[in-house]
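File shown here: model31.cif, holding mmCIF, C-alpha atoms.
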```
data_protein
#
loop_
_atom_site.label_atom_id
_atom_site.label_comp_id
_atom_site.auth_asym_id
_atom_site.auth_seq_id
_atom_site.Cartn_x
_atom_site.Cartn_y
_atom_site.Cartn_z
CA MET W 70 -87.26 21.40 -73.38
CA THR W 71 -88.53 20.08 -76.67
CA SER W 72 -89.74 16.55 -77.12
CA THR W 73 -86.57 15.71 -79.06
CA SER W 74 -84.10 16.74 -76.34
CA MET W 75 -83.31 14.43 -73.49
CA PRO W 76 -82.14 15.87 -70.16
CA PRO W 77 -78.37 15.37 -69.78
CA GLY W 78 -78.62 13.28 -66.64
CA LEU W 79 -81.17 10.92 -68.18
CA ALA W 80 -78.98 10.39 -71.26
CA ARG W 81 -76.04 9.70 -68.94
CA LEU W 82 -78.06 7.25 -66.80
CA ASN W 83 -79.14 5.39 -69.94
CA ALA W 84 -75.52 5.21 -71.18
CA LEU W 85 -73.83 4.14 -67.94
CA ASP W 86 -72.57 0.59 -67.61
CA GLU W 87 -74.68 -1.59 -65.35
CA GLN W 88 -72.55 -1.20 -62.20
CA ALA W 89 -72.23 2.59 -62.53
CA ALA W 90 -75.97 2.95 -63.20
CA LEU W 91 -76.80 0.75 -60.20
CA SER W 92 -74.53 2.90 -58.04
CA ALA W 93 -76.20 6.11 -59.27
CA LEU W 94 -79.66 4.70 -58.60
CA ARG W 95 -78.67 3.48 -55.11
CA GLU W 96 -77.64 7.05 -54.29
CA ALA W 97 -81.28 8.00 -54.86
CA CYS W 98 -82.64 4.99 -52.91
CA THR W 99 -80.67 2.35 -51.02
CA SER W 100 -83.17 -0.42 -51.79
CA THR W 101 -81.41 -2.98 -53.96
CA ALA W 102 -84.72 -4.30 -55.32
CA TRP W 103 -85.88 -0.81 -56.33
CA ALA W 104 -82.57 0.03 -58.03
CA GLU W 105 -82.44 -3.30 -59.86
CA ARG W 106 -85.99 -2.86 -61.18
CA LEU W 107 -85.11 0.61 -62.50
CA LEU W 108 -81.87 -0.69 -63.97
CA ALA W 109 -83.69 -3.51 -65.80
CA ALA W 110 -86.13 -1.06 -67.41
CA ARG W 111 -83.44 1.10 -69.05
CA PRO W 112 -83.22 2.93 -71.37
CA TYR W 113 -85.76 5.60 -70.48
CA ALA W 114 -87.12 7.82 -73.25
CA THR W 115 -88.34 10.54 -70.88
CA PRO W 116 -88.01 11.52 -67.23
CA GLU W 117 -91.71 10.62 -66.83
CA ASP W 118 -90.91 7.05 -67.91
CA LEU W 119 -88.22 6.88 -65.20
CA TYR W 120 -90.58 8.29 -62.55
CA ALA W 121 -93.31 5.82 -63.54
CA ALA W 122 -90.80 2.96 -63.26
CA SER W 123 -89.79 4.26 -59.85
CA ASP W 124 -93.40 4.37 -58.68
CA ALA W 125 -94.04 0.84 -59.98
CA ALA W 126 -90.89 -0.47 -58.29
CA MET W 127 -91.85 1.27 -55.03
CA ALA W 128 -95.27 -0.39 -55.08
CA GLN W 129 -93.59 -3.83 -55.33
CA LEU W 130 -91.17 -3.42 -52.42
CA THR W 131 -91.55 -5.89 -49.58
CA ALA W 132 -91.33 -4.89 -45.93
CA GLU W 133 -87.66 -5.96 -45.97
CA ASP W 134 -86.98 -3.89 -49.10
CA LEU W 135 -88.55 -0.86 -47.42
CA LYS W 136 -86.40 -1.46 -44.35
CA GLU W 137 -83.30 -1.48 -46.55
CA ALA W 138 -84.43 1.77 -48.21
CA MET W 139 -85.08 3.47 -44.87
CA ALA W 140 -81.64 2.52 -43.59
CA GLY W 141 -80.23 5.02 -46.08
CA HIS W 142 -82.00 7.95 -44.40
CA PRO W 143 -80.75 9.79 -41.31
CA PRO W 144 -83.16 10.90 -38.57
CA ILE W 145 -84.93 14.23 -39.14
CA GLY W 146 -82.87 16.98 -37.56
CA ARG W 147 -79.63 15.03 -37.86
CA PRO W 148 -78.53 14.93 -41.52
CA LYS W 149 -75.52 12.79 -42.33
CA PRO W 150 -72.31 14.80 -41.83
CA GLY W 151 -70.80 15.71 -45.19
CA ASP W 152 -73.95 14.64 -47.09
CA PRO W 153 -75.30 17.63 -49.02
CA THR W 154 -78.41 15.68 -50.09
CA SER W 155 -79.71 15.00 -46.57
CA ALA W 156 -78.73 18.52 -45.45
CA ARG W 157 -80.61 20.05 -48.41
CA GLU W 158 -83.67 17.85 -47.87
CA GLN W 159 -83.80 18.64 -44.16
CA ARG W 160 -83.25 22.39 -44.59
CA GLY W 161 -86.50 23.04 -42.71
CA MET W 162 -84.76 21.98 -39.49
CA ALA W 163 -81.71 24.19 -40.08
CA GLY W 164 -83.09 27.20 -38.22
CA ALA W 165 -85.08 25.21 -35.65
CA SER W 166 -84.97 26.30 -32.03
CA ASP W 167 -83.14 24.20 -29.47
CA ASP W 168 -86.54 23.26 -28.01
CA LEU W 169 -87.82 22.02 -31.38
CA ARG W 170 -84.59 20.09 -32.01
CA ALA W 171 -84.86 18.44 -28.59
CA GLU W 172 -88.51 17.60 -29.19
CA MET W 173 -87.71 16.09 -32.61
CA PHE W 174 -84.93 14.03 -31.04
CA GLU W 175 -87.35 12.62 -28.46
CA LEU W 176 -90.08 12.02 -31.04
CA ASN W 177 -87.59 10.29 -33.36
CA LEU W 178 -86.59 7.96 -30.51
CA ALA W 179 -90.21 7.19 -29.59
CA TYR W 180 -91.09 6.57 -33.23
CA GLN W 181 -88.07 4.32 -33.76
CA GLU W 182 -88.89 2.37 -30.61
CA LYS W 183 -92.47 1.79 -31.80
CA PHE W 184 -91.78 1.00 -35.48
CA GLY W 185 -88.18 -0.25 -35.45
CA HIS W 186 -86.93 2.23 -38.04
CA VAL W 187 -86.20 5.91 -38.56
CA PHE W 188 -89.11 8.34 -39.04
CA LEU W 189 -89.20 8.90 -42.79
CA ILE W 190 -90.88 11.89 -44.39
CA CYS W 191 -90.33 13.81 -47.59
CA ALA W 192 -88.81 16.77 -45.75
CA THR W 193 -88.19 18.91 -48.82
CA GLY W 194 -90.07 22.17 -48.44
CA ARG W 195 -91.35 21.39 -44.94
CA THR W 196 -90.67 23.42 -41.82
CA GLY W 197 -89.37 21.88 -38.63
CA GLU W 198 -92.79 22.40 -37.08
CA GLN W 199 -94.51 20.59 -39.96
CA MET W 200 -92.16 17.62 -39.57
CA ARG W 201 -92.73 17.58 -35.81
CA ASP W 202 -96.49 17.65 -36.32
CA ALA W 203 -96.24 14.79 -38.83
CA VAL W 204 -94.29 12.53 -36.48
CA ARG W 205 -96.71 13.34 -33.66
CA GLU W 206 -99.63 12.32 -35.89
CA ARG W 207 -98.01 9.25 -37.43
CA ILE W 208 -96.79 7.74 -34.17
CA GLY W 209 -100.44 6.76 -33.59
CA ASN W 210 -100.51 4.66 -36.78
CA THR W 211 -100.52 0.88 -36.79
CA PRO W 212 -97.36 -0.72 -38.20
CA GLU W 213 -99.27 -1.59 -41.39
CA GLN W 214 -100.57 1.98 -41.83
CA GLU W 215 -97.12 3.36 -41.20
CA ARG W 216 -95.46 1.00 -43.67
CA GLU W 217 -97.75 2.31 -46.43
CA THR W 218 -97.20 5.93 -45.35
CA VAL W 219 -93.44 5.31 -45.46
CA ARG W 220 -93.81 3.78 -48.94
CA THR W 221 -95.61 6.94 -50.12
CA GLU W 222 -93.06 9.29 -48.52
CA LEU W 223 -90.15 7.28 -49.91
CA GLY W 224 -91.71 7.45 -53.37
CA LYS W 225 -91.83 11.26 -53.11
CA ILE W 226 -88.19 11.41 -51.98
CA ASN W 227 -87.13 9.11 -54.82
CA ARG W 228 -88.90 11.28 -57.41
CA ILE W 229 -87.14 14.42 -56.12
CA ARG W 230 -83.78 12.68 -56.15
CA LEU W 231 -84.34 11.18 -59.59
CA ALA W 232 -85.35 14.61 -60.93
CA ARG W 233 -82.03 16.02 -59.69
CA LEU W 234 -80.17 13.09 -61.29
CA VAL W 235 -82.03 13.54 -64.59
CA GLU W 236 -81.37 17.27 -64.82
CA GLU W 237 -77.78 17.45 -63.61
CA ASP W 238 -75.00 18.12 -66.07
CA ALA W 239 -71.82 16.04 -66.04
#
```
For the structure just supplied, provide its representation as structure tokens.
Amino acid sequence: MTSTSMPPGLARLNALDEQAALSALREACTSTAWAERLLAARPYATPEDLYAASDAAMAQLTAEDLKEAMAGHPPIGRPKPGDPTSAREQRGMAGASDDLRAEMFELNLAYQEKFGHVFLICATGRTGEQMRDAVRERIGNTPEQERETVRTELGKINRIRLARLVEEDA
């Protein structure tokens, strides 16, 4: 890509009316505050500008904003039926053994009981075992440590989803 060509999805995001752009952004992240901050910073000259705006918006999210964002994510090992995004992102669990699936189910429940929300990890490219090991490790975090870990993981997920949005053709 030359510096003069803009990815088709980024040009489309810049051109969408406010409601359609907000809807597209909320598909990437269900936090209203995050989506509104990205919407307010349009138009974006480059994908990097969009990613930087995403990172800045993520850093400003309150605990309630993060909770809203996490509500848009299904538990690891149980992607939303009919949702190709969560199925693609959780592909590492697709071939998991019944034992690993059962263990993840139990770990998800224990994590949710401790922290009050779904275990969130950037699952793209991770195996089921890596996700299991991460939840085992993170369940020992304090709520404050875990909130910041979730913020980091959510930022990674948002970047991946925004990259798909930026590059997709109509």
Counting all atoms listed in the file, figure out which residue out of W:Leu119, W:Ala125, W:Ile229, W:Ala179 gets nearest to W:Arg207. W:Ala179
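With all atoms listed in the file as the atoms that count, the minimum distance from W:Val187 to the choices W:Leu79, W:Val235, W:Ala140, W:Ala171 is reached by W:Ala140.
Closest approach to W:Ser100 among W:Ala80, W:Leu223, W:Ala156, W:Glu182: W:Leu223, based on only C-alpha atoms.
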Could you pull the residues within 12 Å of W:Tyr180, counting all atoms listed in the file, minus those fewer than 3 positions along the same chain, as a VMD selection string? chain W and resid 144 to 145 173 to 177 183 to 189 201 203 to 212 215
Can you translate the PyMOL selection byres ((chain W and resi 120-122) around 10) into the concrete residues it hits in this file, as a CSV table (one decimal) with C-alpha atoms, in the coordinates of the input?
```
chain,number,residue,atom,x,y,z
W,103,TRP,CA,-85.9,-0.8,-56.3
W,106,ARG,CA,-86.0,-2.9,-61.2
W,107,LEU,CA,-85.1,0.6,-62.5
W,108,LEU,CA,-81.9,-0.7,-64.0
W,109,ALA,CA,-83.7,-3.5,-65.8
W,110,ALA,CA,-86.1,-1.1,-67.4
W,111,ARG,CA,-83.4,1.1,-69.0
W,113,TYR,CA,-85.8,5.6,-70.5
W,115,THR,CA,-88.3,10.5,-70.9
W,116,PRO,CA,-88.0,11.5,-67.2
W,117,GLU,CA,-91.7,10.6,-66.8
W,118,ASP,CA,-90.9,7.0,-67.9
W,119,LEU,CA,-88.2,6.9,-65.2
W,123,SER,CA,-89.8,4.3,-59.8
W,124,ASP,CA,-93.4,4.4,-58.7
W,125,ALA,CA,-94.0,0.8,-60.0
W,126,ALA,CA,-90.9,-0.5,-58.3
W,127,MET,CA,-91.8,1.3,-55.0
W,128,ALA,CA,-95.3,-0.4,-55.1
W,224,GLY,CA,-91.7,7.4,-53.4
W,225,LYS,CA,-91.8,11.3,-53.1
W,227,ASN,CA,-87.1,9.1,-54.8
W,228,ARG,CA,-88.9,11.3,-57.4
W,229,ILE,CA,-87.1,14.4,-56.1
W,231,LEU,CA,-84.3,11.2,-59.6
W,232,ALA,CA,-85.4,14.6,-60.9
```
Find the spatial neighbours of W:Ala93, counting all atoms listed in the file, within a cut-off of 9 Å - ignore same-chain residues fewer than 6 positions away - and output them as a ChimeraX atom specification. /W:82,104,234
Expand the PyMOL selection byres ((chain W and resi 193) around 7) into the explicit residue set it covers here, and present it as a compact mmCIF listing (two decimals) with C-alpha atoms, keeping the file's coordinate frame.
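Writing the result to expr.txt gives the following:
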```txt
# COMPACT_ATOMS: atom_id res chain seq x y z
CA GLU W 158 -83.67 17.85 -47.87
CA GLN W 159 -83.80 18.64 -44.16
CA CYS W 191 -90.33 13.81 -47.59
CA ALA W 192 -88.81 16.77 -45.75
CA GLY W 194 -90.07 22.17 -48.44
CA ARG W 195 -91.35 21.39 -44.94
```
Given the file above and the PyMOL selection byres ((chain W and resi 136) around 10), which residues are selected, and can you give them as an mmCIF file with C-alpha atoms, in the frame of the given file?
```
data_model
loop_
_atom_site.group_PDB
_atom_site.id
_atom_site.type_symbol
_atom_site.label_atom_id
_atom_site.label_comp_id
_atom_site.auth_asym_id
_atom_site.auth_seq_id
_atom_site.Cartn_x
_atom_site.Cartn_y
_atom_site.Cartn_z
ATOM 1 C CA THR W 99 -80.670 2.350 -51.020
ATOM 2 C CA SER W 100 -83.170 -0.420 -51.790
ATOM 3 C CA LEU W 130 -91.170 -3.420 -52.420
ATOM 4 C CA THR W 131 -91.550 -5.890 -49.580
ATOM 5 C CA ALA W 132 -91.330 -4.890 -45.930
ATOM 6 C CA GLU W 133 -87.660 -5.960 -45.970
ATOM 7 C CA ASP W 134 -86.980 -3.890 -49.100
ATOM 8 C CA LEU W 135 -88.550 -0.860 -47.420
ATOM 9 C CA GLU W 137 -83.300 -1.480 -46.550
ATOM 10 C CA ALA W 138 -84.430 1.770 -48.210
ATOM 11 C CA MET W 139 -85.080 3.470 -44.870
ATOM 12 C CA ALA W 140 -81.640 2.520 -43.590
ATOM 13 C CA GLY W 141 -80.230 5.020 -46.080
ATOM 14 C CA GLY W 185 -88.180 -0.250 -35.450
ATOM 15 C CA HIS W 186 -86.930 2.230 -38.040
ATOM 16 C CA VAL W 187 -86.200 5.910 -38.560
ATOM 17 C CA ARG W 216 -95.460 1.000 -43.670
ATOM 18 C CA VAL W 219 -93.440 5.310 -45.460
#
```
Compare W:Glu198, W:Glu96, W:Glu87, W:Glu213 by their minimum atom-to-atom distance to W:Arg230, counting all atoms listed in the file, and give me the closest one. W:Glu96
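Taking atom CA of W:Gln199 and atom CA of W:Cys98 as endpoints, the distance between them is 23.5 Å.
Going from atom CA of W:Gln88 to atom CA of W:Thr101 covers 12.2 Å.
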Taken to one decimal, the atom CA of W:Ala97-atom CA of W:Thr196 distance is 22.3 Å
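Among the candidates W:Arg233, W:Arg147, W:Arg95, W:Arg81, the residue lying nearest to W:Met162 is W:Arg147 (atoms considered: all atoms listed in the file).
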Go through W:Ala163, W:Ser155, W:Leu94, W:Gly197 one by one, measure the shortest atom-to-atom distance of each to W:Pro143 using all atoms listed in the file, and give the residue with the smallest value. W:Ser155
Would you compute, for all listed atoms of stretch 129-141 of chain W, the axis-aligned bounding box grown by 5 Å on each side, and then report its centre and edge lengths in Å rounded to one decimal, as lines of an AutoDock Vina configuration file?
```
center_x = -86.9
center_y = -0.5
center_z = -49.5
size_x = 23.4
size_y = 21.0
size_z = 21.7
```
